[in-house]
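Note: the block below is model.cif and it holds mmCIF, C-alpha atoms.
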```
data_final
#
loop_
_atom_site.label_atom_id
_atom_site.label_comp_id
_atom_site.auth_asym_id
_atom_site.auth_seq_id
_atom_site.Cartn_x
_atom_site.Cartn_y
_atom_site.Cartn_z
CA MET A 1 77.25 28.30 -33.51
CA ALA A 2 73.50 27.73 -33.44
CA PHE A 3 74.03 24.12 -34.42
CA PHE A 4 76.40 23.49 -31.49
CA LEU A 5 73.98 25.24 -29.09
CA THR A 6 71.08 23.05 -30.21
CA CYS A 7 73.12 19.89 -29.79
CA PHE A 8 74.12 20.97 -26.31
CA LEU A 9 70.52 21.60 -25.26
CA LEU A 10 69.37 18.25 -26.63
CA SER A 11 72.12 16.44 -24.77
CA CYS A 12 71.16 18.18 -21.50
CA VAL A 13 67.48 17.23 -21.92
CA GLY A 14 68.41 13.65 -22.71
CA HIS A 15 70.64 13.46 -19.67
CA VAL A 16 67.91 14.83 -17.36
CA TRP A 17 65.29 12.43 -18.80
CA ALA A 18 67.62 9.47 -18.43
CA HIS A 19 68.35 10.47 -14.85
CA GLN A 20 64.64 10.77 -13.97
CA HIS A 21 63.83 7.49 -15.66
CA ALA A 22 66.61 5.80 -13.71
CA GLU A 23 65.30 7.27 -10.46
CA ALA A 24 61.77 6.09 -11.26
CA SER A 25 63.04 2.61 -12.05
CA VAL A 26 64.94 2.52 -8.80
CA TYR A 27 61.84 3.76 -6.91
CA LEU A 28 59.63 1.08 -8.47
CA GLU A 29 62.21 -1.57 -7.78
CA ASN A 30 62.38 -0.48 -4.16
CA ILE A 31 58.56 -0.67 -3.77
CA THR A 32 58.49 -4.05 -5.44
CA ARG A 33 61.24 -5.31 -3.11
CA ILE A 34 59.27 -3.94 -0.12
CA LEU A 35 56.11 -5.80 -1.18
CA ASP A 36 58.03 -8.98 -1.87
CA ARG A 37 59.73 -8.75 1.50
CA LEU A 38 56.37 -8.16 3.25
CA LEU A 39 54.81 -11.22 1.68
CA GLU A 40 57.89 -13.40 2.21
CA GLY A 41 56.93 -15.96 4.82
CA TYR A 42 53.57 -14.27 5.41
CA ASP A 43 50.76 -16.69 6.31
CA ASN A 44 47.36 -15.13 5.59
CA ARG A 45 45.65 -17.96 7.45
CA LEU A 46 46.76 -16.56 10.80
CA ARG A 47 45.43 -13.38 12.35
CA PRO A 48 47.85 -10.66 13.53
CA GLY A 49 49.30 -11.53 16.91
CA PHE A 50 48.08 -15.11 16.72
CA GLY A 51 48.41 -16.75 20.13
CA GLY A 52 49.13 -13.36 21.70
CA PRO A 53 47.15 -10.15 22.23
CA VAL A 54 43.63 -9.60 20.90
CA THR A 55 43.34 -8.07 17.45
CA GLU A 56 41.39 -4.79 17.51
CA VAL A 57 39.42 -3.92 14.38
CA LYS A 58 38.28 -0.30 14.19
CA THR A 59 35.27 0.36 11.96
CA ASP A 60 33.31 3.28 10.58
CA ILE A 61 30.57 3.56 7.95
CA PHE A 62 29.79 6.20 5.34
CA VAL A 63 26.27 5.87 3.92
CA THR A 64 26.04 6.93 0.29
CA SER A 65 22.36 6.03 -0.21
CA PHE A 66 19.69 5.01 2.29
CA GLY A 67 16.45 3.37 1.13
CA PRO A 68 14.01 2.19 0.10
CA VAL A 69 12.25 0.81 3.18
CA SER A 70 9.70 -1.97 2.65
CA ASP A 71 6.87 -2.28 5.18
CA VAL A 72 5.54 -5.49 3.65
CA GLU A 73 8.90 -7.31 3.76
CA MET A 74 10.06 -5.42 6.88
CA GLU A 75 13.48 -4.66 5.43
CA TYR A 76 15.55 -1.75 4.18
CA THR A 77 18.37 -1.24 1.66
CA MET A 78 21.40 1.05 1.70
CA ASP A 79 24.73 1.60 -0.06
CA VAL A 80 27.74 2.15 2.18
CA PHE A 81 31.49 2.50 2.28
CA PHE A 82 32.42 -0.01 4.99
CA ARG A 83 35.84 0.75 6.46
CA GLN A 84 37.98 -1.45 8.70
CA THR A 85 41.33 -0.60 10.26
CA TRP A 86 43.67 -2.90 12.18
CA VAL A 87 47.38 -3.32 12.90
CA ASP A 88 49.42 -6.21 11.49
CA GLU A 89 52.97 -6.15 12.87
CA ARG A 90 54.12 -8.49 10.08
CA LEU A 91 53.49 -5.74 7.49
CA LYS A 92 55.75 -3.05 8.93
CA PHE A 93 58.23 -1.62 6.45
CA ASP A 94 60.85 1.10 5.96
CA GLY A 95 61.10 2.87 2.65
CA PRO A 96 60.81 6.06 0.66
CA ILE A 97 57.01 6.14 1.04
CA GLU A 98 54.85 6.32 4.15
CA ILE A 99 51.69 4.73 2.74
CA LEU A 100 51.44 1.91 0.23
CA ARG A 101 48.27 2.51 -1.80
CA LEU A 102 47.41 -0.84 -3.38
CA ASN A 103 44.53 -2.32 -5.32
CA ASN A 104 42.29 -5.29 -4.54
CA LEU A 105 44.85 -7.86 -5.78
CA MET A 106 46.81 -7.45 -2.57
CA VAL A 107 43.75 -8.17 -0.41
CA SER A 108 43.71 -11.87 -1.21
CA LYS A 109 47.36 -12.25 -0.12
CA ILE A 110 47.04 -11.02 3.45
CA TRP A 111 44.76 -11.68 6.41
CA THR A 112 41.49 -9.71 6.60
CA PRO A 113 38.71 -9.82 9.23
CA ASP A 114 35.82 -12.22 8.57
CA THR A 115 33.17 -9.55 9.16
CA PHE A 116 29.57 -10.42 8.33
CA PHE A 117 26.19 -8.70 8.80
CA ARG A 118 24.09 -10.63 11.28
CA ASN A 119 20.69 -9.27 10.21
CA GLY A 120 21.57 -8.95 6.54
CA LYS A 121 19.33 -10.71 4.02
CA ARG A 122 21.23 -9.95 0.82
CA SER A 123 24.55 -8.10 0.62
CA ILE A 124 26.38 -7.25 -2.57
CA SER A 125 30.01 -6.25 -3.01
CA HIS A 126 30.31 -4.08 -6.12
CA ASN A 127 32.66 -5.32 -8.83
CA MET A 128 32.06 -2.91 -11.73
CA THR A 129 34.25 -2.03 -13.44
CA THR A 130 36.70 -3.61 -11.00
CA PRO A 131 36.14 -4.72 -7.40
CA ASN A 132 35.36 -1.54 -5.44
CA LYS A 133 37.93 -2.06 -2.69
CA LEU A 134 40.50 0.29 -1.21
CA PHE A 135 43.60 -1.15 0.48
CA ARG A 136 46.42 0.78 2.16
CA ILE A 137 49.39 -0.20 4.33
CA MET A 138 51.15 2.31 6.59
CA GLN A 139 54.79 2.02 7.69
CA ASN A 140 53.79 1.03 11.24
CA GLY A 141 51.72 -1.91 9.94
CA THR A 142 48.34 -0.20 10.16
CA ILE A 143 45.98 -1.40 7.42
CA LEU A 144 42.97 0.43 5.97
CA TYR A 145 40.50 -1.76 4.10
CA THR A 146 37.39 -0.19 2.53
CA MET A 147 34.62 -1.87 0.54
CA ARG A 148 31.58 -0.52 -1.26
CA LEU A 149 28.55 -2.62 -0.31
CA THR A 150 24.81 -2.72 -0.93
CA ILE A 151 23.16 -4.16 2.17
CA ASN A 152 19.61 -5.43 2.41
CA ALA A 153 18.90 -5.87 6.13
CA GLU A 154 15.97 -6.89 8.28
CA CYS A 155 14.05 -4.16 10.11
CA PRO A 156 11.53 -5.55 12.62
CA MET A 157 8.48 -3.29 12.75
CA ARG A 158 5.56 -3.08 15.17
CA LEU A 159 2.79 -1.29 13.32
CA ILE A 160 0.34 -0.59 16.16
CA ASN A 161 0.69 3.19 15.63
CA PHE A 162 0.65 3.05 11.82
CA PRO A 163 0.74 5.49 10.02
CA MET A 164 1.96 7.77 12.84
CA ASP A 165 4.69 5.28 13.70
CA GLY A 166 8.46 5.42 13.91
CA HIS A 167 10.97 2.60 13.70
CA SER A 168 14.55 1.92 14.71
CA CYS A 169 16.12 -0.22 11.98
CA PRO A 170 19.30 -1.99 13.13
CA LEU A 171 22.43 -2.98 11.24
CA LYS A 172 24.41 -5.61 13.17
CA PHE A 173 27.82 -6.91 12.22
CA GLY A 174 30.73 -8.74 13.80
CA SER A 175 33.22 -11.57 13.33
CA TYR A 176 31.86 -14.85 12.05
CA ALA A 177 34.50 -17.20 13.46
CA TYR A 178 36.72 -15.30 15.92
CA PRO A 179 35.39 -14.95 19.49
CA ILE A 180 36.03 -12.01 21.76
CA SER A 181 39.24 -13.62 23.04
CA GLU A 182 40.80 -13.13 19.58
CA ILE A 183 39.05 -10.20 17.86
CA VAL A 184 37.24 -7.16 19.24
CA TYR A 185 35.49 -4.44 17.22
CA THR A 186 35.47 -0.76 18.17
CA TRP A 187 34.16 2.45 16.62
CA LYS A 188 37.04 4.32 15.02
CA LYS A 189 35.65 7.85 15.46
CA GLY A 190 33.66 7.29 18.62
CA PRO A 191 29.91 6.73 18.99
CA LEU A 192 28.91 10.10 17.52
CA PHE A 193 30.89 10.29 14.28
CA SER A 194 31.60 6.70 13.25
CA VAL A 195 28.45 6.51 11.07
CA GLU A 196 27.95 9.34 8.58
CA VAL A 197 24.71 9.85 6.65
CA PRO A 198 24.78 13.00 4.49
CA GLN A 199 21.49 14.83 4.00
CA GLU A 200 21.43 14.10 0.28
CA SER A 201 21.88 10.37 0.92
CA SER A 202 18.53 9.84 2.65
CA SER A 203 15.86 10.74 0.09
CA LEU A 204 13.02 8.50 1.28
CA LEU A 205 9.43 8.76 0.03
CA GLN A 206 7.52 7.55 3.08
CA TYR A 207 10.03 8.16 5.89
CA ASP A 208 12.23 10.83 7.40
CA LEU A 209 15.64 9.66 8.66
CA ILE A 210 15.84 11.62 11.90
CA GLY A 211 19.16 10.23 13.13
CA GLN A 212 21.27 7.22 13.99
CA THR A 213 22.89 5.81 17.11
CA VAL A 214 25.63 3.22 17.55
CA SER A 215 26.30 0.66 20.24
CA SER A 216 28.11 -2.60 20.87
CA GLU A 217 27.14 -5.70 22.78
CA ARG A 218 28.33 -9.19 23.55
CA LEU A 219 26.57 -12.25 22.24
CA LYS A 220 27.04 -15.71 23.73
CA SER A 221 26.54 -18.83 21.65
CA ASN A 222 27.60 -22.46 21.66
CA THR A 223 30.88 -21.58 19.92
CA GLY A 224 31.91 -18.74 22.20
CA GLU A 225 31.28 -15.11 23.04
CA TYR A 226 31.34 -12.56 20.22
CA VAL A 227 31.31 -8.79 19.90
CA VAL A 228 28.33 -7.44 17.93
CA MET A 229 28.42 -3.87 16.62
CA THR A 230 25.01 -2.28 16.06
CA VAL A 231 23.84 0.84 14.24
CA HIS A 232 20.22 1.97 14.72
CA PHE A 233 18.71 4.16 11.99
CA HIS A 234 15.71 6.05 13.37
CA LEU A 235 12.88 6.50 10.87
CA GLN A 236 9.67 8.54 11.24
CA ARG A 237 6.86 7.88 8.77
CA LYS A 238 5.41 10.68 6.62
CA MET A 239 1.60 10.93 6.82
CA GLY A 240 0.81 12.86 3.64
CA PHE A 241 0.08 9.85 1.45
CA PHE A 242 -2.26 8.22 3.99
CA LEU A 243 -4.12 11.46 4.66
CA ILE A 244 -4.90 11.81 0.97
CA GLN A 245 -5.62 8.15 0.25
CA THR A 246 -7.48 7.03 3.39
CA TYR A 247 -8.24 9.55 6.14
CA ILE A 248 -9.83 12.33 4.09
CA PRO A 249 -11.99 9.92 1.98
CA CYS A 250 -13.19 8.21 5.19
CA ILE A 251 -14.14 11.54 6.77
CA MET A 252 -15.96 12.67 3.62
CA THR A 253 -17.85 9.36 3.44
CA VAL A 254 -19.08 9.72 7.02
CA ILE A 255 -20.21 13.30 6.34
CA LEU A 256 -22.02 12.11 3.21
CA ALA A 257 -23.82 9.41 5.22
CA GLN A 258 -25.03 12.05 7.71
CA VAL A 259 -26.44 14.22 4.91
CA SER A 260 -29.25 11.66 4.64
CA PHE A 261 -30.65 12.88 7.98
CA TRP A 262 -31.74 16.06 6.20
CA ILE A 263 -33.60 14.25 3.44
CA ASN A 264 -37.36 13.85 3.93
CA LYS A 265 -38.26 10.50 5.44
CA GLU A 266 -40.82 9.91 2.66
CA SER A 267 -37.90 9.74 0.14
CA VAL A 268 -37.19 6.08 0.82
CA PRO A 269 -35.20 5.31 -2.38
CA ALA A 270 -32.91 8.32 -1.96
CA ARG A 271 -32.05 7.58 1.66
CA THR A 272 -31.58 3.87 0.95
CA VAL A 273 -29.11 4.65 -1.85
CA PHE A 274 -27.22 7.01 0.48
CA GLY A 275 -26.86 4.35 3.15
CA ILE A 276 -25.88 1.43 0.94
CA THR A 277 -23.44 3.48 -1.18
CA THR A 278 -21.56 4.85 1.83
CA VAL A 279 -21.31 1.40 3.44
CA LEU A 280 -19.85 -0.08 0.25
CA THR A 281 -17.44 2.87 -0.05
CA MET A 282 -16.13 2.32 3.47
CA THR A 283 -15.70 -1.39 2.75
CA THR A 284 -13.61 -0.58 -0.34
CA LEU A 285 -11.47 1.93 1.58
CA SER A 286 -10.78 -0.54 4.38
CA ILE A 287 -9.65 -3.21 1.92
CA SER A 288 -7.39 -0.89 -0.09
CA ALA A 289 -5.77 0.51 3.08
CA ARG A 290 -4.40 -2.92 3.93
CA HIS A 291 -2.65 -3.48 0.60
CA SER A 292 0.48 -1.56 1.64
CA LEU A 293 0.85 -3.41 4.95
CA PRO A 294 2.01 -6.86 5.98
CA LYS A 295 -0.68 -9.24 7.18
CA VAL A 296 -0.30 -8.51 10.89
CA SER A 297 -2.71 -10.02 13.39
CA TYR A 298 -3.30 -6.83 15.41
CA ALA A 299 -5.18 -3.63 14.62
CA THR A 300 -3.25 -0.52 13.65
CA ALA A 301 -4.18 3.09 14.40
CA MET A 302 -5.58 3.44 10.88
CA ASP A 303 -7.62 0.25 11.32
CA TRP A 304 -9.29 1.73 14.40
CA PHE A 305 -10.09 4.94 12.52
CA ILE A 306 -11.61 3.05 9.60
CA ALA A 307 -13.59 0.81 11.96
CA VAL A 308 -15.12 3.80 13.77
CA CYS A 309 -15.93 5.50 10.46
CA PHE A 310 -17.57 2.29 9.26
CA ALA A 311 -19.60 2.16 12.48
CA PHE A 312 -20.84 5.73 11.91
CA VAL A 313 -21.80 4.97 8.31
CA PHE A 314 -23.55 1.73 9.23
CA SER A 315 -25.35 3.47 12.13
CA ALA A 316 -26.69 6.07 9.68
CA LEU A 317 -28.21 3.25 7.62
CA ILE A 318 -29.70 1.64 10.74
CA GLU A 319 -31.05 5.04 11.81
CA PHE A 320 -33.08 5.33 8.61
CA ALA A 321 -34.36 1.78 9.08
CA ALA A 322 -35.59 2.80 12.56
CA VAL A 323 -37.21 5.97 11.18
CA ASN A 324 -38.98 3.99 8.48
CA TYR A 325 -40.11 1.30 10.93
CA PHE A 326 -41.65 3.65 13.51
CA SER A 327 -43.22 5.84 10.81
CA THR A 328 -44.87 2.77 9.31
CA LEU A 329 -46.16 1.71 12.72
CA GLN A 330 -47.66 5.16 13.19
CA ALA A 331 -49.29 5.04 9.76
CA ASN A 332 -50.84 1.62 10.41
CA ARG A 333 -52.11 2.76 13.82
CA GLU A 334 -53.89 5.72 12.24
CA MET A 335 -55.41 3.54 9.55
CA ARG A 336 -56.73 1.08 12.13
CA LYS A 337 -58.38 3.94 14.00
CA ALA A 338 -60.00 5.20 10.82
CA ALA A 339 -61.27 1.74 9.90
CA ALA A 340 -62.70 1.28 13.39
CA LEU A 341 -64.51 4.61 13.13
CA ARG A 342 -66.04 3.71 9.76
CA ALA A 343 -67.22 0.34 11.02
CA ALA A 344 -68.78 1.93 14.14
CA ALA A 345 -70.55 4.53 12.01
CA GLN A 346 -72.04 1.89 9.74
CA GLU A 347 -73.22 -0.15 12.72
CA ALA A 348 -74.82 2.91 14.33
CA MET A 349 -76.56 3.81 11.08
CA ALA A 350 -77.99 0.32 10.71
CA ALA A 351 -79.22 0.30 14.34
CA ALA A 352 -80.89 3.70 14.02
CA ALA A 353 -82.65 2.70 10.81
CA ALA A 354 -83.99 -0.46 12.44
CA ALA A 355 -85.22 1.46 15.52
CA ASP A 356 -87.06 4.17 13.58
CA GLY A 357 -88.62 1.78 11.12
CA GLN A 358 -88.94 4.62 8.58
CA PRO A 359 -87.34 4.57 5.14
CA ARG A 360 -84.68 7.18 4.84
CA SER A 361 -82.11 8.08 2.28
CA PRO A 362 -79.05 5.88 2.86
CA HIS A 363 -76.66 8.67 1.96
CA LEU A 364 -78.22 11.13 4.37
CA ASP A 365 -78.46 8.58 7.16
CA ALA A 366 -74.85 7.53 6.68
CA ALA A 367 -73.61 11.11 6.77
CA ALA A 368 -75.64 11.98 9.85
CA MET A 369 -74.63 8.89 11.78
CA LEU A 370 -70.95 9.30 10.84
CA LYS A 371 -71.00 12.88 12.06
CA LYS A 372 -72.69 11.86 15.27
CA ARG A 373 -70.21 9.04 15.85
CA MET A 374 -67.22 11.30 15.19
CA ASN A 375 -68.46 13.88 17.67
CA SER A 376 -68.95 11.16 20.27
CA ALA A 377 -65.45 9.79 19.68
CA ALA A 378 -63.98 13.27 19.93
CA ARG A 379 -65.62 13.80 23.31
CA MET A 380 -64.31 10.46 24.55
CA GLU A 381 -60.69 11.23 23.55
CA GLY A 382 -60.74 14.66 25.13
CA PRO A 383 -61.06 18.21 23.92
CA GLY A 384 -58.61 19.44 21.32
CA GLN A 385 -58.02 16.00 19.76
CA GLN A 386 -59.72 15.73 16.40
CA HIS A 387 -59.13 13.02 13.86
CA SER A 388 -60.05 12.97 10.25
CA SER A 389 -60.50 9.75 8.39
CA PRO A 390 -57.67 9.32 5.87
CA PRO A 391 -58.87 8.46 2.41
CA MET A 392 -57.12 5.09 2.45
CA SER A 393 -58.38 1.62 3.13
CA ASP A 394 -55.11 -0.38 3.10
CA PHE A 395 -52.50 -0.74 5.85
CA ARG A 396 -48.96 0.51 5.12
CA GLN A 397 -46.17 -2.04 4.57
CA GLN A 398 -42.66 -1.71 5.99
CA GLY A 399 -40.40 0.24 3.64
CA SER A 400 -43.20 1.98 1.73
CA ALA A 401 -43.35 5.73 1.24
CA MET A 402 -45.17 7.69 3.92
CA PRO A 403 -48.44 9.50 3.10
CA ALA A 404 -48.12 13.23 2.79
CA ASN A 405 -50.57 14.50 5.38
CA ASN A 406 -50.37 16.55 8.56
CA VAL A 407 -50.53 13.52 10.83
CA LEU A 408 -47.77 11.33 9.32
CA GLY A 409 -45.74 13.83 7.35
CA GLY A 410 -42.89 16.10 8.58
CA THR A 411 -39.52 15.35 10.22
CA SER A 412 -39.04 12.33 12.44
CA ILE A 413 -37.93 12.96 16.00
CA ILE A 414 -35.14 10.41 15.42
CA ASP A 415 -33.82 12.47 12.49
CA LYS A 416 -33.89 15.62 14.60
CA TYR A 417 -31.72 14.08 17.30
CA SER A 418 -29.42 12.38 14.76
CA ARG A 419 -28.68 15.69 13.03
CA ILE A 420 -27.09 16.86 16.28
CA LEU A 421 -25.72 13.74 17.95
CA PHE A 422 -23.97 12.15 14.95
CA PRO A 423 -21.83 15.19 13.92
CA LEU A 424 -20.97 15.96 17.55
CA SER A 425 -19.94 12.36 18.25
CA PHE A 426 -17.82 12.12 15.09
CA GLY A 427 -16.15 15.46 15.80
CA ALA A 428 -15.34 14.41 19.38
CA PHE A 429 -13.87 11.13 18.14
CA ASN A 430 -11.60 12.95 15.64
CA LEU A 431 -10.49 15.39 18.30
CA VAL A 432 -9.49 12.64 20.73
CA TYR A 433 -7.93 10.46 18.00
CA TRP A 434 -5.64 13.10 16.54
CA ILE A 435 -4.63 14.56 19.93
CA VAL A 436 -3.67 11.12 21.26
CA TYR A 437 -1.65 9.98 18.26
CA LEU A 438 -0.01 13.27 17.31
CA THR A 439 1.22 13.91 20.86
CA LYS A 440 2.24 10.31 21.52
CA ASP A 441 5.86 9.16 21.21
CA THR A 442 5.37 6.56 18.50
CA MET A 443 9.06 5.77 17.94
CA GLU A 444 9.57 2.07 18.61
CA SER A 445 12.31 1.53 21.18
CA ARG A 446 15.31 -0.61 20.34
CA ASP A 447 14.34 -3.12 23.01
CA ALA A 448 10.89 -3.58 21.46
CA VAL A 449 12.32 -4.63 18.14
#
```
Would you give me this structure, written as structure tokens?
Amino acid sequence: MAFFLTCFLLSCVGHVWAHQHAEASVYLENITRILDRLLEGYDNRLRPGFGGPVTEVKTDIFVTSFGPVSDVEMEYTMDVFFRQTWVDERLKFDGPIEILRLNNLMVSKIWTPDTFFRNGKRSISHNMTTPNKLFRIMQNGTILYTMRLTINAECPMRLINFPMDGHSCPLKFGSYAYPISEIVYTWKKGPLFSVEVPQESSSLLQYDLIGQTVSSERLKSNTGEYVVMTVHFHLQRKMGFFLIQTYIPCIMTVILAQVSFWINKESVPARTVFGITTVLTMTTLSISARHSLPKVSYATAMDWFIAVCFAFVFSALIEFAAVNYFSTLQANREMRKAAALRAAAQEAMAAAAAADGQPRSPHLDAAAMLKKRMNSAARMEGPGQQHSSPPMSDFRQQGSAMPANNVLGGTSIIDKYSRILFPLSFGAFNLVYWIVYLTKDTMESRDAV
């Protein structure tokens, strides 16, 4: 009994499997016949509705990765799923399935739009491990064609507001050969949702992707009028890197140059080293700041900041040169006065000795006559003005250290004013600079690019 029951069950299973296999074979044969019938007499050299109505190609874009953006080359790179949808009446069919999901082998057998990227520099269609293309045919003849592309496109930049600048990088595409009388492009999901950029797809180091806008325009050329679809990706630059690498070092260098105003003017080597070192530092910073930029012929916002900082540093060096120059003039003037007083005293002593005709001690006569001459000179210059003869016989040279005495020592009046005017001027410049550029709309308009 068990043997007969087992045989019965096996026969039932075999019958069901044979029935399913037969149905699957019939299903595959039907699909094959549908595809053969679609391609029978199909000419992929002619667009849908050739000689009749305009073919409408609906597009949308899904961005899988955006970046990097190159300032030097003025270009950007992104990976996208580029989707196109159109209707081909020749591919209508009736059958047991509503959508024919086919691979890339079918693409070469039917007509597809000749879409190209007008501002693209290098575009790659991915072929690993097989061509990354999706192709579907609906019963009503609607075709969905999707490709995975890596697009390297041009992004014109105007860097006047660098590094507080923003840019609108375009992606332009359209038909290469068909004018507007034969093919028109439209956005499949409308202007707001036809381009999708997920948050995780835009991980840029120097920019923030703040949004995108779409538009379409008509372009006239010698071969006809064409529809051009445009996507603008709006980028705002991040300032952190430039603050650390350029702005803060420039500010610290200017402050260091102004520290020299508090160093005694007699310390010529120390103040000279301060001035020359800060000037060379600013020169190095200005050169390194240009390495990450294209060689533009106009000055950027950062160039103006560096130029003003360089002017402050160089002015600090010139300020010390002025202090040293006027201090040396004062020292030489005092020495000339002292020399004149000594010569007058000696002449008076010699005249007195000749008039008296009596031998006297030269040391006593010299001391008496010098004292008499000094008292006379003090009366001539006015009360309260007394000069002592410095114990030096040589004039001071420019750039030499100042003598440490009550007349020539102390703080220069130029240093006193510089200690106040330089910090106030630099602080006012920073206040105006940052208010202007941080409150300014630095996003380049689409018309400007």
What would the selection look like, as a compact mmCIF listing (two decimals) with C-alpha atoms, in the frame of the given file, if the PyMOL selection byres ((chain A and resi 205) around 12) were run on the coordinates I just shared?
```txt
# COMPACT_ATOMS: atom_id res chain seq x y z
CA PHE A 66 19.69 5.01 2.29
CA GLY A 67 16.45 3.37 1.13
CA PRO A 68 14.01 2.19 0.10
CA VAL A 69 12.25 0.81 3.18
CA SER A 70 9.70 -1.97 2.65
CA SER A 202 18.53 9.84 2.65
CA SER A 203 15.86 10.74 0.09
CA LEU A 204 13.02 8.50 1.28
CA GLN A 206 7.52 7.55 3.08
CA TYR A 207 10.03 8.16 5.89
CA ASP A 208 12.23 10.83 7.40
CA LEU A 209 15.64 9.66 8.66
CA LEU A 235 12.88 6.50 10.87
CA GLN A 236 9.67 8.54 11.24
CA ARG A 237 6.86 7.88 8.77
CA LYS A 238 5.41 10.68 6.62
CA MET A 239 1.60 10.93 6.82
CA GLY A 240 0.81 12.86 3.64
CA PHE A 241 0.08 9.85 1.45
```
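The nearest approach to Met74 in chain A among the residues A:Gln199, A:Thr130, A:Ser292, A:Ser267, with only C-alpha atoms taken into account, belongs to A:Ser292.
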Next item on the list: Between A:Leu192, A:Val323, A:Val231, A:Ala307, single out the one closest to Ser286 in chain A, counting all atoms listed in the file.
Entry: A:Ala307
Residues matched by the PyMOL selection byres ((chain A and resi 44) around 6) as a compact mmCIF listing (two decimals) with C-alpha atoms, keeping the file's coordinate frame:
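Result went into result-v6.txt, see below:
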```
# COMPACT_ATOMS: atom_id res chain seq x y z
CA ASP A 43 50.76 -16.69 6.31
CA ARG A 45 45.65 -17.96 7.45
CA LEU A 46 46.76 -16.56 10.80
CA ILE A 110 47.04 -11.02 3.45
CA TRP A 111 44.76 -11.68 6.41
```
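Listed by chain and then by number, the residues chosen by the PyMOL selection byres ((chain A and resi 96) around 10) in this file are Tyr27, Asn30, Ile31, Phe93, Asp94, Gly95, Ile97, Glu98 and Ile99 of chain A.
Minimum atom-to-atom distances from A:Arg118, A:Lys337, A:Lys440, A:Arg83 to Phe135 in chain A were compared using all atoms listed in the file, and the lowest value belongs to A:Arg83.
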Checklist line | Residue contacts of Gly41 in chain A (10 Å, only C-alpha atoms) excluding same-chain residues fewer than 4 positions away, as number ranges by chain | finding: A: 36-37, 90
Since the input lacks some atoms of range 130-140 of chain A, please model N, CA, C and O atoms and print them as a tab-separated table (two decimals), in the frame of the given file.
```tsv
chain	number	residue	atom	x	y	z
A	130	THR	N	35.82	-2.70	-11.74
A	130	THR	CA	36.70	-3.61	-11.00
A	130	THR	C	36.17	-3.69	-9.58
A	130	THR	O	35.33	-2.86	-9.18
A	131	PRO	N	36.60	-4.66	-8.79
A	131	PRO	CA	36.14	-4.72	-7.40
A	131	PRO	C	36.37	-3.40	-6.68
A	131	PRO	O	37.49	-2.88	-6.66
A	132	ASN	N	35.28	-2.85	-6.11
A	132	ASN	CA	35.36	-1.54	-5.44
A	132	ASN	C	35.93	-1.71	-4.03
A	132	ASN	O	35.20	-1.72	-3.04
A	133	LYS	N	37.26	-1.85	-3.97
A	133	LYS	CA	37.93	-2.06	-2.69
A	133	LYS	C	39.15	-1.15	-2.62
A	133	LYS	O	39.86	-0.98	-3.61
A	134	LEU	N	39.35	-0.57	-1.46
A	134	LEU	CA	40.50	0.29	-1.21
A	134	LEU	C	41.37	-0.38	-0.15
A	134	LEU	O	40.87	-0.82	0.89
A	135	PHE	N	42.69	-0.44	-0.43
A	135	PHE	CA	43.60	-1.15	0.48
A	135	PHE	C	44.87	-0.32	0.63
A	135	PHE	O	45.52	0.03	-0.37
A	136	ARG	N	45.23	-0.01	1.90
A	136	ARG	CA	46.42	0.78	2.16
A	136	ARG	C	47.17	0.20	3.35
A	136	ARG	O	46.56	-0.26	4.32
A	137	ILE	N	48.52	0.27	3.25
A	137	ILE	CA	49.39	-0.20	4.33
A	137	ILE	C	50.30	0.95	4.76
A	137	ILE	O	50.98	1.55	3.93
A	138	MET	N	50.27	1.29	6.05
A	138	MET	CA	51.15	2.31	6.59
A	138	MET	C	52.46	1.68	7.09
A	138	MET	O	52.54	0.46	7.25
A	139	GLN	N	53.47	2.52	7.29
A	139	GLN	CA	54.79	2.02	7.69
A	139	GLN	C	54.75	1.28	9.03
A	139	GLN	O	55.53	0.36	9.25
A	140	ASN	N	53.84	1.67	9.92
A	140	ASN	CA	53.79	1.03	11.24
A	140	ASN	C	52.95	-0.25	11.23
A	140	ASN	O	52.66	-0.82	12.28
```
